[in-house]
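Engineer: So that we are looking at the same thing, I have put the structure below in structure tokens.
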Amino acid sequence: VIGQACMDAVVNPPREGEPSFESWDGEVQGVLASLKRRAQLVADTLNSIPGFKCNTVQGAMYAFPQIMLPEKAIAAAKEAGQAPDVFYAFNLLESTGICIIPGSGFGQRPGTYHFRTTILPQENVTKEMLGRLKEFHLDFMKKYE
């Protein structure tokens with residue numbers, strides 16, 4: 001019954017003039033504004049990191065940045081029996097606890113490397129995660145330059 005009531009509220013939101021409309025509309029606008037800020041934060045931060053290229057998220061929950069990996073990292077990935085973006089993702093996870101999805105699972109162009117990450121965590125969590133990602137990436141690039 002609770003699930004049905006929640007779903008009814010989702011598919012039949014309050015209409016203008018109804019007592020809860022202003023509260024509901026304020027919540028919706030707040031969530032959408034926060035998602036827009038997070039999308040911009042993710043793109044701006046990733047684009048500030050050498051070796052990253054990221055479009056601003058528009059209409060989705062995921063960013064899909066391209067990463068330029070040095071030849072030594074690509075060789076190390078091959079030696080480990082992994083695609084370069086998988087190698088990067090596993091190193092990131094093991095070093096920082098940050099989980100990303102390698103782009104090779106999405107049919108990226110050969111010779112390019114990407115990953116998917118979400119913009120859904122709260123802004124303060126996203127900022128902190130991006131800081132750890134930047135620190136990892138700079139160390140990774142130094143290691144394999």
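Chain identifiers are assigned as A, B, and so on, following the order in which chains appear in the structure tokens; residues are numbered from 1 within each chain, and ligands are numbered from 1 in order of appearance.
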Which range 93-145 of chain A residues have any atom within 7 Å of an atom of range 74-88 of chain A, and for each, what is the nearest pair of atoms with distance in Å to one decimal, counting only C-alpha atoms, rows sorted by chain and number, as a Markdown table?
Structural biologist:
| residue | atom | partner | partner_atom | distance |
| --- | --- | --- | --- | --- |
| A:Pro102 | CA | A:Asp85 | CA | 5.4 |
| A:Gly103 | CA | A:Asp85 | CA | 6.7 |
| A:Ser104 | CA | A:Asp85 | CA | 6.8 |
| A:Tyr113 | CA | A:Asp85 | CA | 5.6 |
| A:His114 | CA | A:Asp85 | CA | 6.5 |
Engineer: Could you please take those selected residues and save N, CA and C atoms as a CSV table (one decimal), in the first residue's frame?
Structural biologist:
chain,number,residue,atom,x,y,z
A,102,PRO,N,34.4,0.9,-16.9
A,102,PRO,CA,35.2,1.1,-18.0
A,102,PRO,C,34.4,1.3,-19.3
A,103,GLY,N,34.9,2.2,-20.2
A,103,GLY,CA,34.2,2.4,-21.4
A,103,GLY,C,34.2,1.3,-22.4
A,104,SER,N,35.2,0.4,-22.3
A,104,SER,CA,35.3,-0.7,-23.2
A,104,SER,C,34.1,-1.6,-23.2
A,113,TYR,N,39.9,5.7,-24.8
A,113,TYR,CA,39.6,5.1,-23.5
A,113,TYR,C,38.7,6.1,-22.7
A,114,HIS,N,37.6,5.5,-22.2
A,114,HIS,CA,36.6,6.3,-21.4
A,114,HIS,C,36.2,5.5,-20.2
Engineer: As a VMD selection string, please: the residues near Glu128 in chain A (cut-off 12 Å, only C-alpha atoms, same-chain neighbours under 6 positions excluded).
Structural biologist: chain A and resid 41 to 42 45 96 98 121 to 122 134 to 135
Engineer: Taking only C-alpha atoms into account, name the residue in A:Ile2, A:Leu93, A:Cys99, A:Met141 that is nearest to Met68 in chain A.
Structural biologist: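 Of all the options, A:Met141 lies closest to Met68 in chain A.
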Engineer: Output as a PyMOL selection string all residues of range 53-109 of chain A that backbone DSSP marks as helix (DSSP H, G or I).
Structural biologist: chain A and resi 71-80+84-96+103-106
Engineer: Would you list the contacts of Arg38 in chain A as a VMD selection string, taking every protein, DNA or RNA residue within 10 Å and counting only C-alpha atoms, but skipping same-chain residues closer than 3 positions in sequence?
Structural biologist: chain A and resid 32 to 35 41 to 44 56 to 57 61 118 to 124 126 to 127
Engineer: How about saving the chosen residues, N, CA, C and O atoms kept, as a compact mmCIF listing (two decimals), in the first residue's frame?
Structural biologist:
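That gives us part.txt:
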# COMPACT_ATOMS: atom_id res chain seq x y z
N LEU A 32 16.33 19.50 -9.46
CA LEU A 32 16.81 19.75 -10.82
C LEU A 32 17.98 20.73 -10.83
O LEU A 32 18.96 20.54 -11.56
N ALA A 33 17.92 21.76 -10.00
CA ALA A 33 19.02 22.73 -9.92
C ALA A 33 20.28 22.07 -9.37
O ALA A 33 21.40 22.33 -9.85
N SER A 34 20.12 21.20 -8.39
CA SER A 34 21.26 20.50 -7.82
C SER A 34 21.89 19.56 -8.85
O SER A 34 23.12 19.48 -8.97
N LEU A 35 21.08 18.85 -9.61
CA LEU A 35 21.60 17.96 -10.66
C LEU A 35 22.36 18.77 -11.71
O LEU A 35 23.42 18.35 -12.18
N LEU A 41 29.77 20.67 -12.27
CA LEU A 41 30.92 20.41 -11.40
C LEU A 41 31.76 19.25 -11.93
O LEU A 41 32.99 19.34 -12.00
N VAL A 42 31.10 18.16 -12.30
CA VAL A 42 31.82 16.99 -12.79
C VAL A 42 32.57 17.33 -14.07
O VAL A 42 33.77 17.06 -14.20
N ALA A 43 31.90 17.96 -15.03
CA ALA A 43 32.56 18.30 -16.29
C ALA A 43 33.69 19.29 -16.07
O ALA A 43 34.80 19.10 -16.59
N ASP A 44 33.45 20.34 -15.30
CA ASP A 44 34.49 21.35 -15.07
C ASP A 44 35.70 20.76 -14.37
O ASP A 44 36.84 21.04 -14.74
N THR A 56 29.61 18.23 -20.66
CA THR A 56 28.67 18.41 -19.56
C THR A 56 27.49 17.47 -19.76
O THR A 56 26.97 17.34 -20.87
N VAL A 57 27.09 16.80 -18.69
CA VAL A 57 25.95 15.89 -18.73
C VAL A 57 24.69 16.70 -19.04
O VAL A 57 24.44 17.73 -18.42
N MET A 61 22.19 10.76 -16.09
CA MET A 61 22.77 10.72 -14.75
C MET A 61 24.25 10.40 -14.79
O MET A 61 24.88 10.29 -13.77
N THR A 118 28.73 8.51 -12.33
CA THR A 118 27.43 9.13 -12.10
C THR A 118 27.57 10.52 -11.47
O THR A 118 28.58 10.82 -10.85
N ILE A 119 26.52 11.32 -11.64
CA ILE A 119 26.47 12.64 -11.00
C ILE A 119 25.48 12.63 -9.84
O ILE A 119 25.17 13.68 -9.29
N LEU A 120 25.00 11.46 -9.43
CA LEU A 120 23.93 11.39 -8.43
C LEU A 120 24.32 11.64 -6.97
O LEU A 120 23.49 12.12 -6.21
N PRO A 121 25.54 11.34 -6.53
CA PRO A 121 25.83 11.62 -5.12
C PRO A 121 25.67 13.12 -4.80
O PRO A 121 25.80 13.97 -5.68
N GLN A 122 25.40 13.42 -3.54
CA GLN A 122 25.23 14.81 -3.14
C GLN A 122 26.48 15.62 -3.50
O GLN A 122 27.57 15.07 -3.63
N GLU A 123 26.30 16.93 -3.65
CA GLU A 123 27.37 17.80 -4.13
C GLU A 123 28.65 17.69 -3.30
O GLU A 123 29.74 17.61 -3.86
N ASN A 124 28.53 17.68 -1.98
CA ASN A 124 29.74 17.60 -1.15
C ASN A 124 30.46 16.26 -1.35
O ASN A 124 31.69 16.20 -1.37
N THR A 126 30.32 14.43 -4.12
CA THR A 126 30.86 14.49 -5.48
C THR A 126 32.17 15.28 -5.50
O THR A 126 33.15 14.84 -6.11
N LYS A 127 32.20 16.42 -4.82
CA LYS A 127 33.43 17.23 -4.77
C LYS A 127 34.58 16.44 -4.15
O LYS A 127 35.70 16.45 -4.66
Engineer: Quick one: residues within 8 Å of Tyr144 in chain A, only C-alpha atoms counted, chain neighbours fewer than 3 positions away excluded, as a PDB file with N, CA and C atoms, in the first residue's frame?
Structural biologist:
ATOM      1  N   PRO A  70      48.937   7.126 -21.073  1.00  0.00           N
ATOM      2  CA  PRO A  70      50.280   7.010 -21.641  1.00  0.00           C
ATOM      3  C   PRO A  70      50.556   5.588 -22.137  1.00  0.00           C
ATOM      4  N   GLU A  71      51.473   5.491 -23.093  1.00  0.00           N
ATOM      5  CA  GLU A  71      51.813   4.191 -23.676  1.00  0.00           C
ATOM      6  C   GLU A  71      52.252   3.179 -22.622  1.00  0.00           C
ATOM      7  N   LYS A  72      52.975   3.635 -21.603  1.00  0.00           N
ATOM      8  CA  LYS A  72      53.431   2.697 -20.552  1.00  0.00           C
ATOM      9  C   LYS A  72      52.249   2.111 -19.782  1.00  0.00           C
ATOM     10  N   ALA A  73      51.203   2.892 -19.580  1.00  0.00           N
ATOM     11  CA  ALA A  73      50.006   2.377 -18.904  1.00  0.00           C
ATOM     12  C   ALA A  73      49.292   1.374 -19.794  1.00  0.00           C
ATOM     13  N   PHE A 140      48.916   8.355 -11.119  1.00  0.00           N
ATOM     14  CA  PHE A 140      48.914   7.310 -12.141  1.00  0.00           C
ATOM     15  C   PHE A 140      49.697   7.761 -13.367  1.00  0.00           C
ATOM     16  N   MET A 141      49.463   8.981 -13.796  1.00  0.00           N
ATOM     17  CA  MET A 141      50.147   9.509 -14.977  1.00  0.00           C
ATOM     18  C   MET A 141      51.651   9.622 -14.733  1.00  0.00           C
TER      19      MET A 141
END
